[in-house]
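Okay, structure first, notes after.
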Amino acid sequence: MFDTAKDAFVAFEHVQKSYDGETLVVKDLNLQIGQGEFLTMLGPSGSGKTTCLMMLAGFETATHGEILLQGRPINNIPPHKRGIGMVFQNYALFPHMSVAENLAFPLEVRGMGKSEREAKIKRALDMVQMGDFGGRRPAQLSGGQQQRIALARALVFEPELVLMDEPLGALDKQLREHMQFEITNLAHQLGITTVYVTHDQTEALTMSDRVAVFDDGRIQQLDPPDVLYEQPQNSFVAQFIGENNTLTGVVTQISGERCLVKLDSGDEIDARPVNVSKVGDRTTVSIRPERVEMDKRRLSPDAHTLKGEVLEFIYMGDIFRTRLRVAGSDDFIIKTRNAPDQQRLTPGTQIEIGWLPDDCRALDA
Amino acid sequence: MTDTTTSGPMLSADGVPLKKSLARALRRQKLRALILIAPLLAFVVLTFVVPIGSMLFRSVENQIVSGTLPKTIEALETWEGEDGTLPDQEVFQALFFDMFRAAEAKEHTKLGSRLNYERTGFSSVFRTTGRSLDDIGEPFQDWLEDADPAFADGLTWYEMLSGTGGEDLIEDRRAIWANMVGEGFAGDIGFTLSGEMAELLPQTAAAYSDWAIYTAIVDGDVVAEEDPWETVYAALALDFARDGAVSALVAYSGAGAAPIANALAALPSLPEIDFRAAFVAENEGWGDTGNWQTLKIYSPDYTTGYFLNAIDMKKGLDGAMARPENQQIYVKLFIRTMIMSLIITGSCILLGYPVAWLLANLPVRSANVLMILVLLPFWTSLLVRTSAWKVLLQQQGVINNILVWLGFVDDTNRLILMNNSTGTIIAMTHILLPFMILPLYSVMKTIPPSYLRAAKSLGATNWTAFWRVYFPQSIPGIGAGSILVFILAIGYYITPEIVGGTDGVFISNRIAHHISSSLNWGLAAALGSILLVLVLALYWLYDRIVGIDNVKLGG
């Protein structure tokens with residue numbers, strides 16, 4: 001995407017971080033973020049994503065490597081001189097100041113005049129539709145309102161880079177979805193570069209231009225949401241993003257975009273080789289529940305199919321979720337759309353299932 | 001939904017008003033809570049509220065004067081005492097009987113000590129007079145026994161005064177004894193007073209009753225077998241000298257009529273009745289109008305005198321007035337106590353804040369070690385710590401030696417760090433420091449580090465972030481610590497006593513002095529009450545300015 005790290009707005013170059021001198025929390029991180037991009041760092045807790053964010057903000061120092069902001073190394077610049085806006089998990093609104101005072105704080109420390117300050121505060125509050133709340137104390141606001149104020153405060157001094165550390169974690173589901181939409185809109189509208197940390201994959205998929213999936217101190221995959229979902233590069237990403245059926249076996253044939261996998265149960269299936277290179281490799285194949293086909297007519301005539309026994313049928317409104325026993329696995333899931341002609345399977349029914357070879361990805365074991 | 005639009009109070013399902021059912025339901029809970037705290041409540045009431053209440057009551061209590069000299073005080077009421085004249089004979093007569101009674105019960109020295117607080121020297125007046133009261137009564141005894149030797153026999157008196165109808169007087173005299181000694185004088189005394197005699201010889205009847213009650217109840221003797229006190233002889237002489245007494249006595253024909261007739265016959269040789277001269281002769285103090293003024297000023301049962309003393313004033317005949325400049329010590333001492341407590345509180349904030357910050361922000365392991373260091377002084381005896389400061393601070397002590405060795409201080413010019421206010425401030429700051437650190441720490445612990453980070457990410461320097469964001473949130477801790485330290489400091493006693501010398505002592509040292517050395521408990525109670533009111537007033541002021549809601553000890 002970028003020719004050199006210098007072209008990127010933010011760049012991590014071989015960054016490592018260790019707290020205790022024994023284990024690395026971040027292992028050789030290389031990441032370039034473009035100007036105006038909305039990048040999400042997604043991963044389970046302890047995967048190193050928050051540490052990366054704190055290093056970028058300047059609250060943690062990298063043990064090794066360089067972090068560049070607009071081409072300049074910032075390792076030795078203290079946090080208050082980096083000019084990076086930040087939204088914290090618990091909002092960190094100053095409880096002893098009113099909303100307006102909270103917003104005035106970054107402007108005051110920059111020595112801005114009163115009239116200019118007031119204009120900017122008004123604009124920022126209007127931007128998050130909180131124009132009437134300037135005189136309130138943070139404690140008098142609801143969680144969602146506090147969230148908006150925290151956002152306004154991070155944006156009021158017009159930073160070019162905004163970092164957000166799980167900012168929606170404390171909100172209920174509905175409000176969270178609404179705020180996801182608002183934050184992305186605002187970020188794109190203002191053209192600011194955003195680095196967003198979350199452990200919620202839905203949030204990551206719906207909001208981001210690109211998602212970096214972290215695990216074990218490394219970026220496992222860095223791609224736009226659709227690529228990430230449809231073409232996971234390894235079994236961790238496949239498991240972590242969305243729901244996934246996995247079956248294990250050995251590659252018996254491989255040719256270009258196709259391979260044949262002999263499952264541990266003895267059945268054979270078609271798959272697309274992703275992380276396997278030669279015959280005899282052990283592999284985990286992954287199939288999205290919604291890509292499993294029950295209608296043989298829609299598969300190619302020579303496609304391999306598997307037999308399955310329906311164990312459970314769950315009605316979920318917009319979709320049906322059916323649990324099958326397939327190739328010795330008891331939790332093979334199929335998701336089908338709730339359409340008028342859709343079959344509702346009853347437990348005990350024997351069916352035959354298959355899939356397009358492209359949807360079945362042979363990943364690392 | 002059921003229809004609840006009825007008028008009147010809400011009813012519960014069984015028709016009882018809802019409020020009543022609720023109160024009944026809660027009563028059990030309240031009762032249980034009360035039972036749970038009952039042991040502590042009883043303990044606190046018995047060991048804290050009651051003693052302190054009775055102690056504070058002493059600051060106004062003054063019954064000892066009217067209890068010991070009831071008739072003197074009564075007679076003194078008409079005396080103005082402003083023109084320098086002594087009270088008249090009646091007062092001195094009453095004083096004779098009151099003092100005799102008090103001396104027998106050994107109560108007169110207590111009154112002497114009490115009045116000595118108000119007028120130095122009064123104590124010895126009471127003590128010496130108490131020893132020589134017999135001398136004042138003896139001339140009358142000699143005269144009566146010369147007139148009729150029967151007067152030397154106790155039985156003569158007993159028969160003369162026995163009878164019925166004088167029970168009221170006996171009860172009055174019992175009450176006087178009980179008031180003075182403070183305990184019951186109930187019980188049979190083996191003597192009943194004749195009503196006729198109580199009228200004919202009122203003074204004699206009263207004096208004899210006094211004696212009879214004391215003899216029977218305190219000494220446990222038989223009244224008829226004992227010889228009365230000199231007061232009875234003096235009383236008879238006084239009764240004879242009363243206007244119209246002689247004519248009434250001539251007509252008397254009851255028991256003891258013969259000795260009385262003999263005594264009447266000897267009236268011309270009756271010694272001069274002048275109790276004033278007799279008292280002044282025994283002790284010049286009774287001729288001093290100043291003493292009598294003091295006695296009159298402090299005659300009421302309750303007095304403001306202790307409180308006036310506590311604020312460097314004194315009671316005069318016409319109200320309160322300031323003491324002479326060289327006797328004013330308490331107001332100065334109160335002010336010094338307050339100022340030094342403020343300085344100590346201030347030093348505790350300055351020294352404790354960084355430590356509390358470290359405690360709240362260090363990793364758990366190092367914070368625990370530091371916490372132990374903070375708590376260590378708590379595990380050492382206060383006396384030991386203060387004595388250790390004595391070792392450190394004295395002129396040949398550790399601190400001075402080090403300063404001299406380093407060359408900061410000249411050997412001949414060693415710093416005086418002890419036996420003055422500097423010593424008190426240093427030692428007390430050290431001793432009270434944990435009381436500042438702990439509330440500060442518990443408040444700081446609740447301030448998430450993300451606030452400081454947020455401030456820095458918004459562009460604030462370390463100092464601005466601290467001063468504008470962290471410090472305001474730690475104020476409740478400062479408030480709690482300051483109240484704690486200040487209130488502890490203002491009443492501190494041991495440390496100023498040991499390292500304070502004369503310049504560094506607090507008001508509490510003065511209170512302790514009056515409790516244990518001068519035994520002026522009333523003044524000590526008044527000083528203590530003022531201190532208590534002062535602390536409460538400051539607490540109220542603090543609440544008005546800072547708000548007690550802003551004080552946090554944690555959470």
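By convention in this document, the chains of the structure tokens carry letters A, B, ... by their order, each chain's residues are numbered from 1, and ligands are numbered from 1 in the order they are shown.
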Distance cut-off 10 Å, counting only C-alpha atoms - which residues of chain A neighbour chain B? Return them as a VMD selection string. chain A and resid 54 57 to 59 78 to 97 102 to 103 105 to 110 150 153 to 157 159 163
What's around segment 249-254 of chain B at 9 Å? Count only C-alpha atoms, leave out sequence neighbours fewer than 4 positions away in its own chain, and write the answer as an mmCIF file with C-alpha atoms, in the first residue's frame.
data_model
loop_
_atom_site.group_PDB
_atom_site.id
_atom_site.type_symbol
_atom_site.label_atom_id
_atom_site.label_comp_id
_atom_site.auth_asym_id
_atom_site.auth_seq_id
_atom_site.Cartn_x
_atom_site.Cartn_y
_atom_site.Cartn_z
ATOM 1 C CA MET B 160 -33.858 20.177 128.732
ATOM 2 C CA LEU B 200 -37.830 29.622 123.233
ATOM 3 C CA LEU B 201 -34.198 28.847 122.379
ATOM 4 C CA PHE B 240 -30.247 34.795 126.112
ATOM 5 C CA GLY B 244 -37.480 39.552 124.872
ATOM 6 C CA ALA B 245 -35.787 36.243 125.490
ATOM 7 C CA ALA B 258 -33.322 25.382 137.324
ATOM 8 C CA ILE B 260 -31.654 28.173 133.054
ATOM 9 C CA ALA B 261 -32.763 30.275 136.021
ATOM 10 C CA LEU B 264 -30.287 34.038 133.839
#
What's around Ser299 of chain B at 8 Å? Count only C-alpha atoms, leave out sequence neighbours fewer than 5 positions away in its own chain, and write the answer as a list in words.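 Counting only C-alpha atoms, the residues come to Asn62, Val65, Ser66 and Ile73 of chain B.
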Print the selection's residues with N, CA and C atoms to a file, as a short mmCIF file (atom, residue, chain, number, x, y, z; two decimals), in the first residue's frame.
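File written: result01.cif
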data_model
loop_
_atom_site.label_atom_id
_atom_site.label_comp_id
_atom_site.auth_asym_id
_atom_site.auth_seq_id
_atom_site.Cartn_x
_atom_site.Cartn_y
_atom_site.Cartn_z
N ASN B 62 -20.96 24.89 91.45
CA ASN B 62 -20.34 25.65 92.54
C ASN B 62 -21.09 25.45 93.84
N VAL B 65 -19.90 26.02 98.04
CA VAL B 65 -19.90 27.20 98.91
C VAL B 65 -21.20 27.25 99.72
N SER B 66 -22.33 27.18 99.00
CA SER B 66 -23.59 27.27 99.73
C SER B 66 -23.87 25.99 100.51
N ILE B 73 -23.99 32.30 103.90
CA ILE B 73 -24.33 32.84 102.59
C ILE B 73 -25.67 33.57 102.66
#
Contact residues around Glu203 of chain A with only C-alpha atoms at 12 Å, ignoring same-chain residues under 2 positions, as a VMD selection string: chain A and resid 39 to 43 166 to 169 173 176 to 181 183 to 184 196 to 201 205 to 209 211 225 241 to 242
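DSSP, applied to the backbone of this structure, assigns strand (DSSP E) to the following residues of segment 141-213 of chain A: A:Leu161, A:Val162, A:Leu163, A:Met164, A:Asp165, A:Thr193, A:Thr194, A:Val195, A:Tyr196, A:Val197, A:Thr198, A:Arg210, A:Val211, A:Ala212, A:Val213.
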Just C-alpha atoms for this one: save the residues we selected as a compact mmCIF listing (two decimals), in the first residue's frame.
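Result written to selection.txt:
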# COMPACT_ATOMS: atom_id res chain seq x y z
CA LEU A 161 -4.92 11.71 14.42
CA VAL A 162 -7.45 10.38 16.91
CA LEU A 163 -6.95 7.27 18.99
CA MET A 164 -9.88 5.46 20.53
CA ASP A 165 -9.45 2.80 23.20
CA THR A 193 -7.00 9.52 10.72
CA THR A 194 -8.44 7.20 13.33
CA VAL A 195 -6.87 4.29 15.16
CA TYR A 196 -9.56 2.38 16.96
CA VAL A 197 -9.00 -0.43 19.45
CA THR A 198 -11.70 -2.94 20.18
CA ARG A 210 -8.92 -1.74 7.44
CA VAL A 211 -8.73 -4.08 10.39
CA ALA A 212 -5.54 -5.35 11.99
CA VAL A 213 -6.22 -8.59 13.82
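Across the structure, atom CA of Leu356 of chain A and atom CA of Cys259 of chain A are spaced 12.4 Å apart.
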Backbone DSSP call of alpha helix (DSSP H) for segment 80-239 of chain B, listed as a PyMOL selection string: chain B and resi 89-104+108-118+122-131+133-147+154-161+167-181+195-200+202-214+230-239
Could you name the residues that touch Arg510 of chain B at 12 Å or less, counting only C-alpha atoms, but leaving out those on the same chain fewer than 6 positions away, as a PyMOL selection string? chain B and resi 310+329-331+333-334+337+491-494+496-497+502+504+516-521+523-528+531
What gap, in Å, lies between atom CA of Ala103 of chain B and atom CA of Leu69 of chain B?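 Computing it gives 11.0 Å between the two atoms.
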Segment 299-314 of chain A environment, 9 Å, only C-alpha atoms, sequence neighbours closer than 4 positions dropped, as an mmCIF file with N, CA and C atoms, in the first residue's frame:
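This is the output file selection39.cif:
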data_model
loop_
_atom_site.group_PDB
_atom_site.id
_atom_site.type_symbol
_atom_site.label_atom_id
_atom_site.label_comp_id
_atom_site.auth_asym_id
_atom_site.auth_seq_id
_atom_site.Cartn_x
_atom_site.Cartn_y
_atom_site.Cartn_z
ATOM 1 N N ASP A 267 -13.980 -39.000 5.245
ATOM 2 C CA ASP A 267 -14.631 -38.348 4.110
ATOM 3 C C ASP A 267 -13.639 -37.467 3.371
ATOM 4 N N GLU A 268 -13.946 -37.212 2.093
ATOM 5 C CA GLU A 268 -13.092 -36.320 1.303
ATOM 6 C C GLU A 268 -13.877 -35.088 0.891
ATOM 7 N N ILE A 269 -13.224 -33.929 0.957
ATOM 8 C CA ILE A 269 -13.903 -32.702 0.543
ATOM 9 C C ILE A 269 -12.984 -31.866 -0.328
ATOM 10 N N ASP A 270 -13.601 -30.932 -1.099
ATOM 11 C CA ASP A 270 -12.839 -29.980 -1.908
ATOM 12 C C ASP A 270 -12.592 -28.742 -1.073
ATOM 13 N N GLU A 293 -24.247 -25.356 1.631
ATOM 14 C CA GLU A 293 -25.379 -25.540 0.704
ATOM 15 C C GLU A 293 -26.057 -26.869 0.988
ATOM 16 N N ASP A 295 -28.856 -27.668 -0.976
ATOM 17 C CA ASP A 295 -29.541 -27.979 -2.243
ATOM 18 C C ASP A 295 -28.512 -28.463 -3.260
ATOM 19 N N ILE A 319 -32.973 -15.438 10.613
ATOM 20 C CA ILE A 319 -32.311 -16.630 10.076
ATOM 21 C C ILE A 319 -32.702 -17.867 10.900
ATOM 22 N N PHE A 320 -32.413 -19.012 10.304
ATOM 23 C CA PHE A 320 -32.521 -20.275 11.032
ATOM 24 C C PHE A 320 -31.110 -20.761 11.267
ATOM 25 N N ARG A 321 -30.926 -21.365 12.398
ATOM 26 C CA ARG A 321 -29.605 -21.857 12.729
ATOM 27 C C ARG A 321 -29.765 -23.342 13.032
ATOM 28 N N THR A 322 -29.093 -24.151 12.254
ATOM 29 C CA THR A 322 -29.261 -25.589 12.412
ATOM 30 C C THR A 322 -27.934 -26.216 12.797
ATOM 31 N N ARG A 323 -27.991 -27.039 13.819
ATOM 32 C CA ARG A 323 -26.756 -27.689 14.265
ATOM 33 C C ARG A 323 -26.768 -29.131 13.779
ATOM 34 N N LEU A 324 -25.654 -29.535 13.187
ATOM 35 C CA LEU A 324 -25.592 -30.868 12.579
ATOM 36 C C LEU A 324 -24.443 -31.669 13.177
ATOM 37 N N ARG A 325 -24.564 -33.023 12.997
ATOM 38 C CA ARG A 325 -23.387 -33.850 13.222
ATOM 39 C C ARG A 325 -22.820 -34.186 11.863
ATOM 40 N N VAL A 326 -21.600 -33.667 11.602
ATOM 41 C CA VAL A 326 -20.979 -33.870 10.291
ATOM 42 C C VAL A 326 -19.553 -34.349 10.491
ATOM 43 N N ALA A 327 -19.198 -35.399 9.841
ATOM 44 C CA ALA A 327 -17.831 -35.926 9.862
ATOM 45 C C ALA A 327 -17.283 -36.025 11.287
ATOM 46 N N ASP A 330 -19.817 -32.480 16.301
ATOM 47 C CA ASP A 330 -21.189 -32.285 16.784
ATOM 48 C C ASP A 330 -21.677 -30.852 16.685
ATOM 49 N N ASP A 331 -20.776 -29.934 16.316
ATOM 50 C CA ASP A 331 -21.234 -28.537 16.312
ATOM 51 C C ASP A 331 -20.992 -27.891 14.954
ATOM 52 N N PHE A 332 -21.447 -28.562 13.957
ATOM 53 C CA PHE A 332 -21.394 -27.999 12.601
ATOM 54 C C PHE A 332 -22.658 -27.175 12.406
ATOM 55 N N ARG A 344 -37.623 -26.048 7.046
ATOM 56 C CA ARG A 344 -37.305 -26.056 8.477
ATOM 57 C C ARG A 344 -37.018 -27.491 8.880
ATOM 58 N N LEU A 345 -35.750 -27.743 9.197
ATOM 59 C CA LEU A 345 -35.336 -29.124 9.453
ATOM 60 C C LEU A 345 -35.704 -29.540 10.869
ATOM 61 N N THR A 346 -36.107 -30.819 11.003
ATOM 62 C CA THR A 346 -36.416 -31.321 12.338
ATOM 63 C C THR A 346 -35.272 -32.218 12.809
ATOM 64 N N PRO A 347 -34.963 -32.219 14.086
ATOM 65 C CA PRO A 347 -33.872 -33.047 14.596
ATOM 66 C C PRO A 347 -34.066 -34.503 14.204
ATOM 67 N N GLY A 348 -32.977 -35.144 13.858
ATOM 68 C CA GLY A 348 -33.042 -36.536 13.433
ATOM 69 C C GLY A 348 -33.006 -36.708 11.925
ATOM 70 N N THR A 349 -33.334 -35.647 11.191
ATOM 71 C CA THR A 349 -33.341 -35.740 9.734
ATOM 72 C C THR A 349 -31.917 -35.944 9.213
ATOM 73 N N GLN A 350 -31.788 -36.802 8.236
ATOM 74 C CA GLN A 350 -30.496 -36.995 7.586
ATOM 75 C C GLN A 350 -30.472 -36.135 6.333
ATOM 76 N N ILE A 351 -29.444 -35.329 6.162
ATOM 77 C CA ILE A 351 -29.354 -34.523 4.947
ATOM 78 C C ILE A 351 -27.954 -34.636 4.362
ATOM 79 N N GLU A 352 -27.827 -34.098 3.163
ATOM 80 C CA GLU A 352 -26.536 -34.095 2.508
ATOM 81 C C GLU A 352 -26.133 -32.646 2.288
ATOM 82 N N ILE A 353 -24.911 -32.305 2.647
ATOM 83 C CA ILE A 353 -24.474 -30.917 2.497
ATOM 84 C C ILE A 353 -23.221 -30.826 1.652
ATOM 85 N N GLY A 354 -23.029 -29.646 1.037
ATOM 86 C CA GLY A 354 -21.828 -29.409 0.248
ATOM 87 C C GLY A 354 -21.565 -27.912 0.190
ATOM 88 N N TRP A 355 -20.559 -27.501 -0.587
ATOM 89 C CA TRP A 355 -20.248 -26.080 -0.708
ATOM 90 C C TRP A 355 -19.395 -25.824 -1.920
ATOM 91 N N LEU A 356 -19.301 -24.605 -2.339
ATOM 92 C CA LEU A 356 -18.407 -24.247 -3.427
ATOM 93 C C LEU A 356 -16.986 -24.362 -2.908
ATOM 94 N N PRO A 357 -16.093 -24.951 -3.674
ATOM 95 C CA PRO A 357 -14.728 -25.152 -3.171
ATOM 96 C C PRO A 357 -14.074 -23.846 -2.744
#
Need the shell around segment 260-265 of chain A: protein/DNA/RNA residues with any atom at most 6 Å away, counting only C-alpha atoms. Skip same-chain ones fewer than 5 positions apart. Format as a list in words?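 Near neighbours after the sequence-gap exclusion: Thr248, Gly249, Val250, Val251, Thr252, Gln253, Asp270 and Ala327 of chain A.
Shortest separation to Leu351 of chain B among B:Ile213, B:Ala234, B:Ile437, B:Ala102 occurs at residue B:Ile437, atoms counted being only C-alpha atoms.
The residue that comes closest to Leu111 of chain B, out of B:Ile64, B:Arg173, B:Pro139, B:Asp146 and on the basis of only C-alpha atoms, is B:Ile64.
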